[in-house]
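Undergrad: Okay, so here is work27.cif, and as you'll see once you scroll down, it has mmCIF, C-alpha atoms.
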data_protein
loop_
_atom_site.label_atom_id
_atom_site.label_comp_id
_atom_site.auth_asym_id
_atom_site.auth_seq_id
_atom_site.Cartn_x
_atom_site.Cartn_y
_atom_site.Cartn_z
CA MET A 1 0.00 0.00 0.00
CA SER A 2 1.44 3.39 -0.99
CA ILE A 3 2.15 6.24 1.44
CA GLN A 4 -0.58 8.37 -0.16
CA ILE A 5 -3.29 5.71 0.38
CA ARG A 6 -2.21 5.00 3.98
CA ASN A 7 -2.22 8.74 4.79
CA LEU A 8 -5.65 9.16 3.15
CA LEU A 9 -7.15 6.31 5.19
CA ASN A 10 -5.73 7.84 8.40
CA GLU A 11 -7.23 11.24 7.49
CA ILE A 12 -10.69 9.71 6.80
CA ASP A 13 -10.69 8.10 10.25
CA ARG A 14 -9.99 11.51 11.82
CA LEU A 15 -12.70 13.51 10.02
CA PRO A 16 -15.04 15.36 12.43
CA GLY A 17 -18.79 14.74 12.53
CA HIS A 18 -19.78 18.41 12.17
CA ARG A 19 -18.41 21.91 11.46
CA VAL A 20 -18.81 25.24 13.29
CA PHE A 21 -18.60 28.50 11.29
CA GLY A 22 -18.29 32.19 12.13
CA ARG A 23 -17.29 35.50 10.49
CA VAL A 24 -14.36 37.90 10.73
CA SER A 25 -15.49 41.01 12.61
CA GLY A 26 -12.24 42.96 12.83
CA VAL A 27 -8.52 43.03 11.89
CA GLN A 28 -5.86 44.93 13.83
CA GLY A 29 -2.15 44.43 13.29
CA MET A 30 -1.45 40.71 13.45
CA LEU A 31 -4.76 39.96 15.21
CA VAL A 32 -8.03 38.91 13.62
CA GLU A 33 -11.28 39.11 15.59
CA ALA A 34 -13.97 36.52 14.83
CA GLY A 35 -17.57 36.41 16.00
CA GLY A 36 -20.01 33.51 16.19
CA VAL A 37 -17.39 30.90 17.10
CA GLN A 38 -16.24 32.04 20.52
CA ARG A 39 -18.37 29.51 22.45
CA SER A 40 -16.81 26.63 20.50
CA LEU A 41 -13.20 27.67 21.14
CA SER A 42 -10.62 27.89 23.88
CA VAL A 43 -7.13 29.38 23.95
CA GLY A 44 -4.78 27.27 21.81
CA ASP A 45 -7.50 25.94 19.47
CA ARG A 46 -7.22 26.44 15.73
CA CYS A 47 -9.44 27.99 13.06
CA GLN A 48 -9.25 28.43 9.30
CA ILE A 49 -10.23 31.71 7.65
CA VAL A 50 -11.31 31.54 4.01
CA ALA A 51 -9.62 34.65 2.54
CA ARG A 52 -9.89 36.20 -0.92
CA GLY A 53 -9.40 33.70 -3.72
CA GLU A 54 -10.50 30.81 -1.45
CA ARG A 55 -7.07 30.88 0.23
CA ARG A 56 -7.27 29.16 3.61
CA VAL A 57 -5.35 30.80 6.44
CA THR A 58 -4.80 28.69 9.56
CA CYS A 59 -5.00 30.66 12.81
CA GLU A 60 -4.61 29.99 16.50
CA VAL A 61 -6.84 31.34 19.26
CA VAL A 62 -4.68 33.54 21.49
CA GLY A 63 -7.41 35.19 23.58
CA PHE A 64 -10.90 36.68 23.79
CA ARG A 65 -12.12 40.28 23.92
CA ASP A 66 -15.63 41.79 24.05
CA GLY A 67 -17.29 38.48 23.24
CA ARG A 68 -15.10 37.78 20.20
CA ALA A 69 -12.24 35.35 19.62
CA LEU A 70 -8.78 36.81 18.97
CA LEU A 71 -7.01 34.83 16.25
CA MET A 72 -3.40 35.05 15.10
CA PRO A 73 -2.57 33.60 11.65
CA TYR A 74 0.33 31.26 10.95
CA SER A 75 0.87 32.99 7.59
CA SER A 76 0.16 36.35 5.93
CA ILE A 77 -3.18 38.05 6.64
CA ASP A 78 -3.35 39.39 3.07
CA GLY A 79 -6.83 38.83 1.64
CA ILE A 80 -8.59 38.65 5.02
CA GLY A 81 -11.43 41.16 5.42
CA LEU A 82 -14.66 41.77 7.30
CA GLY A 83 -17.17 38.97 6.88
CA CYS A 84 -14.66 36.31 5.79
CA ARG A 85 -15.81 32.83 6.73
CA THR A 86 -14.14 31.33 9.82
CA GLU A 87 -14.17 27.54 10.31
CA VAL A 88 -13.37 25.90 13.65
CA CYS A 89 -10.82 23.07 13.33
CA ASP A 90 -11.66 19.93 15.23
CA GLY A 91 -9.45 18.77 18.12
CA GLU A 92 -6.06 19.94 19.37
CA ALA A 93 -2.92 20.37 17.29
CA VAL A 94 -1.22 16.97 16.93
CA LEU A 95 1.48 15.25 14.91
CA TYR A 96 1.65 11.64 13.73
CA PRO A 97 5.41 10.98 13.66
CA GLU A 98 6.87 7.88 12.06
CA ARG A 99 10.34 6.31 12.06
CA SER A 100 10.65 7.02 8.31
CA TRP A 101 10.91 10.74 9.14
CA LEU A 102 14.64 10.20 9.77
CA GLY A 103 16.65 12.04 7.15
CA ARG A 104 13.84 14.52 6.44
CA VAL A 105 13.39 18.28 6.87
CA ILE A 106 9.98 19.55 8.03
CA ASP A 107 8.39 22.88 8.84
CA ALA A 108 6.53 24.03 11.94
CA MET A 109 3.31 22.35 10.77
CA GLY A 110 5.02 18.97 10.33
CA GLU A 111 4.99 19.24 6.52
CA PRO A 112 8.02 18.20 4.42
CA ILE A 113 10.04 21.04 2.86
CA ASP A 114 12.97 19.06 1.46
CA GLY A 115 11.36 18.14 -1.88
CA GLN A 116 11.58 14.41 -1.16
CA GLY A 117 7.86 13.66 -1.28
CA LEU A 118 5.21 13.02 1.34
CA LEU A 119 5.85 12.02 4.92
CA GLU A 120 4.32 8.80 6.13
CA THR A 121 2.03 9.30 9.14
CA GLY A 122 2.19 7.07 12.20
CA PRO A 123 -0.79 5.57 14.04
CA ARG A 124 -0.41 7.52 17.31
CA ALA A 125 -1.20 11.21 17.81
CA TYR A 126 1.36 13.29 19.71
CA PRO A 127 0.09 16.68 20.97
CA VAL A 128 2.24 19.53 19.72
CA ARG A 129 1.99 21.29 23.09
CA ASN A 130 2.50 18.20 25.18
CA GLN A 131 2.96 18.28 28.95
CA PRO A 132 6.28 17.19 30.49
CA PRO A 133 6.24 13.72 32.09
CA PRO A 134 5.36 13.71 35.82
CA ALA A 135 8.43 14.20 38.00
CA HIS A 136 8.03 10.94 39.94
CA GLY A 137 7.43 8.93 36.78
CA ARG A 138 10.69 9.89 35.11
CA GLY A 139 13.90 7.89 35.15
CA ARG A 140 17.17 9.17 36.60
CA VAL A 141 19.94 10.82 34.58
CA ALA A 142 22.50 8.07 34.03
CA GLY A 143 25.25 7.20 31.57
CA LYS A 144 27.25 9.55 29.39
CA VAL A 145 26.63 10.95 25.93
CA ASP A 146 29.67 11.20 23.66
CA LEU A 147 29.42 14.54 21.82
CA GLY A 148 32.73 14.27 19.97
CA VAL A 149 34.04 17.67 21.13
CA ARG A 150 37.08 17.50 23.44
CA ALA A 151 36.28 20.65 25.43
CA VAL A 152 32.77 19.38 26.22
CA ASN A 153 33.55 15.68 26.64
CA ALA A 154 36.38 16.28 29.10
CA PHE A 155 35.36 19.37 31.08
CA LEU A 156 31.55 19.43 30.68
CA THR A 157 30.58 15.78 30.27
CA CYS A 158 26.92 15.49 29.28
CA CYS A 159 24.80 12.65 30.66
CA GLN A 160 21.84 10.90 29.04
CA GLY A 161 18.71 12.91 29.74
CA GLN A 162 20.61 16.04 30.78
CA ARG A 163 19.63 19.49 29.49
CA MET A 164 22.48 21.86 28.68
CA GLY A 165 22.43 25.46 27.49
CA ILE A 166 24.96 26.96 25.07
CA PHE A 167 25.22 30.69 25.84
CA ALA A 168 26.91 33.11 23.46
CA GLY A 169 26.60 36.38 21.61
CA SER A 170 26.09 36.50 17.86
CA GLY A 171 28.92 35.18 15.70
CA VAL A 172 30.83 33.35 18.45
CA GLY A 173 30.22 29.83 17.13
CA LYS A 174 27.00 28.39 18.60
CA SER A 175 25.79 26.85 15.33
CA SER A 176 29.24 25.48 14.49
CA LEU A 177 29.50 23.80 17.89
CA LEU A 178 26.02 22.29 17.46
CA SER A 179 26.92 20.92 14.03
CA MET A 180 30.07 19.26 15.41
CA MET A 181 28.03 17.57 18.12
CA ALA A 182 25.23 16.50 15.76
CA ARG A 183 27.67 14.83 13.37
CA GLN A 184 29.83 13.10 15.99
CA THR A 185 27.43 12.20 18.81
CA SER A 186 26.85 8.67 20.06
CA ALA A 187 23.08 9.29 20.44
CA ASP A 188 20.72 7.09 18.40
CA VAL A 189 18.72 9.97 16.87
CA ASN A 190 19.19 13.73 16.42
CA VAL A 191 16.18 16.05 16.38
CA ILE A 192 17.33 19.54 15.40
CA GLY A 193 15.17 22.67 15.58
CA LEU A 194 16.35 25.75 13.68
CA ILE A 195 14.10 28.40 15.21
CA GLY A 196 13.98 31.88 13.69
CA GLU A 197 17.37 31.57 12.05
CA ARG A 198 18.62 32.93 8.70
CA GLY A 199 17.04 31.27 5.68
CA ARG A 200 20.36 30.61 3.93
CA GLU A 201 21.70 28.72 6.97
CA ALA A 202 19.26 25.81 6.70
CA ARG A 203 20.80 24.18 3.59
CA GLU A 204 24.33 25.08 4.68
CA PHE A 205 23.76 23.40 8.05
CA ILE A 206 22.20 20.29 6.50
CA GLU A 207 24.57 19.82 3.54
CA ASP A 208 27.89 21.16 4.86
CA ASP A 209 27.73 20.66 8.63
CA LEU A 210 25.54 17.57 9.09
CA GLY A 211 26.42 15.85 5.84
CA PRO A 212 24.81 12.62 4.60
CA GLU A 213 26.04 10.60 7.60
CA GLY A 214 24.63 13.01 10.20
CA MET A 215 21.41 13.61 8.28
CA ALA A 216 20.68 9.88 8.03
CA LYS A 217 19.91 9.76 11.76
CA SER A 218 18.39 13.24 12.08
CA VAL A 219 15.07 15.02 11.73
CA VAL A 220 15.42 18.78 11.13
CA VAL A 221 12.62 21.25 11.93
CA VAL A 222 13.04 24.64 10.22
CA SER A 223 11.27 27.95 10.81
CA THR A 224 13.11 30.99 9.45
CA SER A 225 13.13 34.52 10.84
CA ASP A 226 10.74 35.85 8.17
CA GLU A 227 7.92 33.53 9.28
CA SER A 228 5.16 34.57 11.68
CA PRO A 229 5.81 34.44 15.45
CA LEU A 230 3.28 31.60 15.73
CA MET A 231 5.27 29.51 13.24
CA ARG A 232 8.54 30.19 15.07
CA ARG A 233 7.02 29.26 18.42
CA GLN A 234 5.31 26.21 16.90
CA ALA A 235 8.60 24.95 15.46
CA ALA A 236 10.06 24.74 18.97
CA TYR A 237 7.08 22.71 20.17
CA VAL A 238 7.24 20.42 17.11
CA THR A 239 10.96 19.79 17.73
CA LEU A 240 10.19 18.43 21.21
CA THR A 241 7.16 16.48 19.93
CA VAL A 242 9.26 14.61 17.36
CA ALA A 243 11.92 13.97 20.02
CA GLU A 244 9.26 12.53 22.34
CA TYR A 245 8.16 10.09 19.65
CA PHE A 246 11.66 8.65 19.24
CA ARG A 247 12.15 8.66 23.02
CA ASP A 248 9.03 6.50 23.38
CA LEU A 249 10.64 3.98 21.00
CA GLY A 250 13.27 3.48 23.71
CA LEU A 251 15.98 5.43 21.88
CA ASN A 252 18.55 7.89 23.19
CA VAL A 253 17.61 11.16 21.49
CA LEU A 254 19.80 14.26 21.21
CA CYS A 255 17.47 17.25 20.85
CA MET A 256 19.17 20.45 19.66
CA MET A 257 17.45 23.81 19.43
CA ASP A 258 18.94 26.95 17.93
CA SER A 259 17.76 29.06 19.57
CA VAL A 260 15.60 29.35 22.69
CA THR A 261 15.97 33.13 22.51
CA ARG A 262 14.12 33.23 19.17
CA PHE A 263 11.34 31.16 20.76
CA ALA A 264 11.11 33.69 23.60
CA MET A 265 11.04 36.58 21.13
CA ALA A 266 8.21 34.94 19.19
CA GLN A 267 6.21 34.44 22.40
CA ARG A 268 6.85 38.09 23.30
CA GLU A 269 5.44 39.25 19.95
CA ILE A 270 2.32 37.13 20.46
CA SER A 271 1.77 38.29 24.05
CA LEU A 272 2.27 41.98 23.27
CA SER A 273 -0.20 41.74 20.35
CA VAL A 274 -2.87 40.41 22.72
CA GLY A 275 -2.23 43.30 25.11
CA GLU A 276 -0.21 41.60 27.85
CA PRO A 277 2.00 44.13 29.68
CA PRO A 278 5.79 43.75 29.41
CA ALA A 279 7.66 42.71 32.56
CA SER A 280 11.42 42.71 31.91
CA LYS A 281 13.18 44.14 28.82
CA GLY A 282 9.88 43.94 26.95
CA TYR A 283 9.39 40.25 27.75
CA THR A 284 5.95 39.43 29.12
CA PRO A 285 5.19 37.12 32.09
CA THR A 286 3.90 34.47 29.66
CA VAL A 287 7.41 34.15 28.16
CA PHE A 288 8.85 33.13 31.52
CA ALA A 289 5.94 30.73 32.09
CA GLU A 290 6.37 29.05 28.68
CA LEU A 291 10.14 28.49 28.96
CA PRO A 292 9.96 25.75 31.64
CA ARG A 293 6.97 24.14 29.90
CA LEU A 294 9.10 23.79 26.77
CA LEU A 295 12.45 22.87 28.33
CA GLU A 296 11.06 20.41 30.90
CA ARG A 297 9.82 18.20 28.06
CA ALA A 298 13.44 17.14 27.53
CA GLY A 299 15.03 14.75 29.99
CA PRO A 300 14.76 11.09 31.00
CA GLY A 301 11.63 9.39 29.72
CA PRO A 302 8.88 7.87 31.87
CA GLY A 303 9.53 4.34 33.05
CA GLY A 304 13.24 4.58 32.30
CA LYS A 305 12.73 3.79 28.60
CA GLY A 306 14.48 6.22 26.29
CA ASN A 307 15.54 9.76 27.05
CA ILE A 308 15.92 13.19 25.48
CA THR A 309 19.26 14.88 26.01
CA GLY A 310 18.73 18.58 25.32
CA LEU A 311 21.20 21.12 23.94
CA PHE A 312 19.59 24.56 23.75
CA THR A 313 21.41 27.63 22.46
CA VAL A 314 20.76 31.03 24.00
CA LEU A 315 21.66 34.21 22.11
CA VAL A 316 22.74 36.58 24.87
CA ASP A 317 21.82 40.19 24.11
CA GLY A 318 24.91 42.41 23.89
CA ASP A 319 27.08 39.63 25.41
CA ASP A 320 25.23 40.20 28.70
CA HIS A 321 24.98 36.72 30.23
CA ASN A 322 22.67 38.03 32.95
CA GLU A 323 19.95 39.35 30.62
CA PRO A 324 16.41 38.05 31.44
CA ILE A 325 16.15 35.10 29.03
CA ALA A 326 19.68 33.83 29.71
CA ASP A 327 19.08 34.08 33.44
CA ALA A 328 15.73 32.26 33.24
CA VAL A 329 17.04 29.46 31.00
CA ARG A 330 20.16 28.95 33.12
CA SER A 331 17.97 28.43 36.20
CA ILE A 332 15.93 25.71 34.43
CA LEU A 333 18.68 23.69 32.76
CA ASP A 334 21.19 21.22 34.22
CA GLY A 335 24.28 23.10 33.14
CA HIS A 336 25.58 25.72 30.73
CA ILE A 337 28.35 26.03 28.16
CA VAL A 338 29.56 29.62 27.82
CA LEU A 339 31.18 30.69 24.55
CA ASP A 340 33.42 33.72 25.08
CA ARG A 341 33.94 36.36 22.38
CA ALA A 342 37.43 37.16 23.71
CA ILE A 343 38.49 33.53 23.23
CA ALA A 344 37.02 33.49 19.71
CA GLU A 345 38.84 36.71 18.85
CA ARG A 346 42.19 35.15 19.68
CA GLY A 347 41.39 32.27 17.32
CA ARG A 348 40.62 29.33 19.58
CA TYR A 349 37.50 27.42 18.51
CA PRO A 350 35.23 26.19 19.96
CA ALA A 351 35.46 29.28 22.17
CA VAL A 352 34.32 27.51 25.35
CA ASN A 353 35.13 29.39 28.56
CA ILE A 354 35.88 26.45 30.83
CA LEU A 355 35.84 28.45 34.07
CA ARG A 356 32.39 29.98 33.44
CA SER A 357 30.82 26.73 32.20
CA VAL A 358 29.46 23.90 34.33
CA SER A 359 27.73 20.54 33.96
CA ARG A 360 25.69 19.89 37.09
CA THR A 361 25.35 16.14 36.56
CA MET A 362 28.96 15.53 35.55
CA PRO A 363 30.50 14.78 39.00
CA GLY A 364 27.96 12.02 39.63
CA CYS A 365 28.55 10.38 36.22
CA ASN A 366 32.36 10.51 36.34
CA SER A 367 34.73 8.24 38.22
CA ASP A 368 36.85 9.72 41.03
CA GLU A 369 39.94 9.57 38.81
CA GLU A 370 38.19 11.47 35.98
CA ASN A 371 36.98 14.13 38.42
CA ARG A 372 40.54 14.55 39.76
CA ILE A 373 41.91 15.06 36.24
CA VAL A 374 39.27 17.69 35.42
CA SER A 375 39.71 19.49 38.77
CA ARG A 376 43.48 19.63 38.26
CA ALA A 377 43.12 21.10 34.76
CA ARG A 378 40.55 23.66 35.93
CA GLN A 379 42.87 24.72 38.77
CA LEU A 380 45.73 25.32 36.34
CA ILE A 381 43.52 27.33 33.96
CA SER A 382 42.19 29.43 36.87
CA THR A 383 45.67 30.14 38.20
CA TYR A 384 46.88 31.24 34.76
CA GLU A 385 43.82 33.42 34.06
CA ASP A 386 44.23 35.19 37.42
CA MET A 387 47.76 36.25 36.41
CA ALA A 388 47.17 36.52 32.64
CA GLU A 389 47.49 40.31 32.43
CA LEU A 390 50.76 40.38 34.35
CA ILE A 391 52.14 37.50 32.30
CA ARG A 392 51.27 39.16 28.97
CA LEU A 393 52.76 42.47 30.11
CA GLY A 394 55.96 40.73 31.20
CA ALA A 395 55.48 41.95 34.78
CA TYR A 396 55.57 38.44 36.27
CA ARG A 397 58.99 36.99 37.03
CA ARG A 398 59.38 33.25 36.69
CA GLY A 399 60.13 31.70 40.09
CA SER A 400 58.01 34.15 42.09
CA ASP A 401 55.20 31.62 42.61
CA PRO A 402 55.60 27.86 41.92
CA ALA A 403 51.83 27.46 41.26
CA VAL A 404 51.91 30.20 38.59
CA ASP A 405 55.07 28.73 37.05
CA GLU A 406 53.32 25.38 36.81
CA ALA A 407 50.23 26.98 35.22
CA ILE A 408 52.39 28.80 32.65
CA HIS A 409 54.01 25.47 31.72
CA TYR A 410 50.73 23.55 31.21
CA TYR A 411 48.46 26.30 29.86
CA PRO A 412 49.57 26.19 26.16
CA GLN A 413 49.12 22.41 26.08
CA ILE A 414 45.63 22.64 27.61
CA GLU A 415 44.68 25.36 25.11
CA ALA A 416 45.88 23.15 22.25
CA PHE A 417 43.78 20.30 23.66
CA LEU A 418 40.67 22.52 23.79
CA ALA A 419 41.06 23.75 20.19
CA GLN A 420 39.25 21.65 17.58
CA ARG A 421 38.45 22.41 13.94
CA LYS A 422 34.88 21.96 12.73
CA ASP A 423 35.95 19.41 10.12
CA GLU A 424 38.19 17.51 12.52
CA ASP A 425 37.31 13.95 13.49
CA GLY A 426 35.54 13.59 16.84
CA ALA A 427 37.32 12.53 20.01
CA ASP A 428 35.58 9.86 22.08
CA LEU A 429 35.06 10.21 25.84
CA ALA A 430 37.73 7.73 26.93
CA SER A 431 40.46 9.20 24.72
CA CYS A 432 39.66 12.74 25.93
CA TYR A 433 40.45 11.83 29.55
CA ILE A 434 43.53 9.84 28.51
CA GLN A 435 44.90 12.80 26.50
CA LEU A 436 44.19 15.28 29.30
CA ALA A 437 45.84 13.00 31.88
CA GLN A 438 48.93 12.64 29.66
CA ILE A 439 49.18 16.43 29.29
CA LEU A 440 49.00 16.87 33.07
CA GLY A 441 51.32 13.92 33.79
CA MET A 442 48.69 12.15 35.89
#
Once you've parsed the file, please lay out its structure as structure tokens.
TA:
Amino acid sequence: MSIQIRNLLNEIDRLPGHRVFGRVSGVQGMLVEAGGVQRSLSVGDRCQIVARGERRVTCEVVGFRDGRALLMPYSSIDGIGLGCRTEVCDGEAVLYPERSWLGRVIDAMGEPIDGQGLLETGPRAYPVRNQPPPAHGRGRVAGKVDLGVRAVNAFLTCCQGQRMGIFAGSGVGKSSLLSMMARQTSADVNVIGLIGERGREAREFIEDDLGPEGMAKSVVVVSTSDESPLMRRQAAYVTLTVAEYFRDLGLNVLCMMDSVTRFAMAQREISLSVGEPPASKGYTPTVFAELPRLLERAGPGPGGKGNITGLFTVLVDGDDHNEPIADAVRSILDGHIVLDRAIAERGRYPAVNILRSVSRTMPGCNSDEENRIVSRARQLISTYEDMAELIRLGAYRRGSDPAVDEAIHYYPQIEAFLAQRKDEDGADLASCYIQLAQILGM
């Protein structure tokens, strides 16, 4: 049986028994007001407006005002006018993922955009805005994930089901670091969400960074910066929904999202359009409520079967790592990787600032010997950085402090260990600790 026939049979089974209609009663900015359907809707439901030329515009209910439903369209509002027919869509927004989605690129509505034909639909519906698993029903974070990047594997070891943030300003290498991890990881499946990014980057990321080998075990969700805020927000939800499907198959899933900041900006646009007052730097209270609902969906799966290891990038505004979104995300996640512009400017990539980065679950996953190696290396880096200005100016005299002399000796070797080209082969976890121990003579 062909994919088209199977999909058609699934759609017939899901057809509603009746339809509810209303009319557009007002348009203001990005919002459309509809009357006659408000009693059949709740916030988060969907409608379709029949615009000029019989073009159907899918909308989401974002609120109610003066007895009318406030709708925000997923696409352009061109052609929508007073009296346009509004049709209530049956049921909540769901996806029907299938294992054959591996190697495909989809949009925020779960539709293929890679020109490779239709997607096969699975038998089970997964809500797009799913709830995180109950805390007591989840498994524990256990085991390590090999990400193939020496700086992360050795100093910021990531465990299965852990959620890590990658914090950096623009142009410091967040996307490059993600691509290295996606291509070299030991996880069974990658689910990658490109949220609100540049349109040209999608094909570059897929063809140049992931390559055929990485793409074969990946699903990529793309929503570019020119799309509506609803589409950008939806793409983040869809990324987690697809990851949950593969987690439920008992697989170890690496979920990457670039970036959470674009998701927060999209939610801010939606909230401000509805009239919600801003709270901090223009971000509304709903933004800070939605962040944990999104990020908590990653983690160990219920019943100990499968897990979602999350890597979420955060674009820090003006290199201020204490701006509202960065601060909120850091408090939710299980660790953070800080990329430093000063390190990037001196040519060391990935520009991970080891001293400002931390993996909260790493000590419990490492052996005592591995923790000693990492602590020793961190101590040497810290000692050198404390005296870096004096050393560069030539004001420090060798022999004044044995600890500083030791740090000066080891620092260039540690820096060389941390540097890794994007096209360089990955380094597995065991070899990372062996190399670092050899450098330190341990």
Undergrad: Go through A:Asn371, A:Ser186, A:Thr86, A:Gln438 one by one, measure the shortest atom-to-atom distance of each to Ala154 of chain A using only C-alpha atoms, and give the residue with the smallest value.
TA: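 Ranking A:Asn371, A:Ser186, A:Thr86, A:Gln438 by distance to Ala154 of chain A, first place goes to A:Asn371.
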Undergrad: What gap, in Å, lies between atom CA of Gly196 of chain A and atom CA of Val221 of chain A?
TA: 10.9 Å
Undergrad: Leaving out Gly29 of chain A and any residue of its chain fewer than 5 positions from it, which residues lie within 10 Å of it when counting only C-alpha atoms, given as a PDB file with C-alpha atoms, in the coordinates of the input?
TA:
ATOM      1  CA  MET A  72      -3.400  35.050  15.100  1.00  0.00           C
ATOM      2  CA  ILE A  77      -3.180  38.050   6.640  1.00  0.00           C
ATOM      3  CA  SER A 273      -0.200  41.740  20.350  1.00  0.00           C
TER       4      SER A 273
END
Undergrad: If the PyMOL selection byres ((chain A and resi 281) around 10) were run on this exact file, what residues would it hold? Put them as a PDB file with C-alpha atoms, keeping the file's coordinate frame.
TA:
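And here is the file that came out, expr_20.pdb:
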ATOM      1  CA  PRO A 278       5.790  43.750  29.410  1.00  0.00           C
ATOM      2  CA  ALA A 279       7.660  42.710  32.560  1.00  0.00           C
ATOM      3  CA  SER A 280      11.420  42.710  31.910  1.00  0.00           C
ATOM      4  CA  GLY A 282       9.880  43.940  26.950  1.00  0.00           C
ATOM      5  CA  TYR A 283       9.390  40.250  27.750  1.00  0.00           C
ATOM      6  CA  THR A 284       5.950  39.430  29.120  1.00  0.00           C
ATOM      7  CA  GLU A 323      19.950  39.350  30.620  1.00  0.00           C
ATOM      8  CA  PRO A 324      16.410  38.050  31.440  1.00  0.00           C
ATOM      9  CA  ILE A 325      16.150  35.100  29.030  1.00  0.00           C
TER      10      ILE A 325
END
Undergrad: Could you check which of A:Val50, A:Met30, A:Leu177, A:Ala125 is closest to Arg421 of chain A, using only C-alpha atoms?
TA: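 For Arg421 of chain A, the nearest of the given residues is A:Leu177.
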Undergrad: For the structure provided, state which residues fall under the PyMOL selection byres ((chain A and resi 40-47) around 8), and present them as a PDB file with C-alpha atoms, keeping the file's coordinate frame.
TA:
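File part-v1.pdb, as written:
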ATOM      1  CA  VAL A  20     -18.810  25.240  13.290  1.00  0.00           C
ATOM      2  CA  VAL A  37     -17.390  30.900  17.100  1.00  0.00           C
ATOM      3  CA  GLN A  38     -16.240  32.040  20.520  1.00  0.00           C
ATOM      4  CA  ARG A  39     -18.370  29.510  22.450  1.00  0.00           C
ATOM      5  CA  GLN A  48      -9.250  28.430   9.300  1.00  0.00           C
ATOM      6  CA  ILE A  49     -10.230  31.710   7.650  1.00  0.00           C
ATOM      7  CA  THR A  58      -4.800  28.690   9.560  1.00  0.00           C
ATOM      8  CA  CYS A  59      -5.000  30.660  12.810  1.00  0.00           C
ATOM      9  CA  GLU A  60      -4.610  29.990  16.500  1.00  0.00           C
ATOM     10  CA  VAL A  61      -6.840  31.340  19.260  1.00  0.00           C
ATOM     11  CA  VAL A  62      -4.680  33.540  21.490  1.00  0.00           C
ATOM     12  CA  GLY A  63      -7.410  35.190  23.580  1.00  0.00           C
ATOM     13  CA  ALA A  69     -12.240  35.350  19.620  1.00  0.00           C
ATOM     14  CA  LEU A  71      -7.010  34.830  16.250  1.00  0.00           C
ATOM     15  CA  THR A  86     -14.140  31.330   9.820  1.00  0.00           C
ATOM     16  CA  GLU A  87     -14.170  27.540  10.310  1.00  0.00           C
ATOM     17  CA  VAL A  88     -13.370  25.900  13.650  1.00  0.00           C
ATOM     18  CA  CYS A  89     -10.820  23.070  13.330  1.00  0.00           C
ATOM     19  CA  ASP A  90     -11.660  19.930  15.230  1.00  0.00           C
ATOM     20  CA  GLY A  91      -9.450  18.770  18.120  1.00  0.00           C
ATOM     21  CA  GLU A  92      -6.060  19.940  19.370  1.00  0.00           C
ATOM     22  CA  ALA A  93      -2.920  20.370  17.290  1.00  0.00           C
TER      23      ALA A  93
END
Undergrad: Would you mind putting N, CA, C and O atoms back on segment 51-59 of chain A and writing the result as a compact mmCIF listing (two decimals), in the frame of the given file?
TA:
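Output contents, as saved in selection.txt:
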# COMPACT_ATOMS: atom_id res chain seq x y z
N ALA A 51 -9.94 33.30 3.01
CA ALA A 51 -9.62 34.65 2.54
C ALA A 51 -9.96 34.78 1.05
O ALA A 51 -10.50 33.87 0.43
N ARG A 52 -9.63 35.95 0.49
CA ARG A 52 -9.89 36.20 -0.92
C ARG A 52 -9.22 35.15 -1.79
O ARG A 52 -8.11 34.72 -1.52
N GLY A 53 -9.92 34.72 -2.82
CA GLY A 53 -9.40 33.70 -3.72
C GLY A 53 -9.46 32.30 -3.13
O GLY A 53 -8.74 31.41 -3.59
N GLU A 54 -10.32 32.12 -2.11
CA GLU A 54 -10.50 30.81 -1.45
C GLU A 54 -9.21 30.32 -0.78
O GLU A 54 -9.06 29.13 -0.51
N ARG A 55 -8.29 31.26 -0.49
CA ARG A 55 -7.07 30.88 0.23
C ARG A 55 -7.40 30.64 1.70
O ARG A 55 -8.05 31.47 2.34
N ARG A 56 -6.98 29.50 2.21
CA ARG A 56 -7.27 29.16 3.61
C ARG A 56 -6.08 29.53 4.49
O ARG A 56 -4.95 29.12 4.23
N VAL A 57 -6.38 30.32 5.51
CA VAL A 57 -5.35 30.80 6.44
C VAL A 57 -5.60 30.16 7.80
O VAL A 57 -6.64 30.39 8.43
N THR A 58 -4.67 29.33 8.25
CA THR A 58 -4.80 28.69 9.56
C THR A 58 -4.41 29.68 10.65
O THR A 58 -3.40 30.38 10.54
N CYS A 59 -5.22 29.74 11.70
CA CYS A 59 -5.00 30.66 12.81
C CYS A 59 -5.07 29.91 14.13
O CYS A 59 -5.63 28.82 14.22
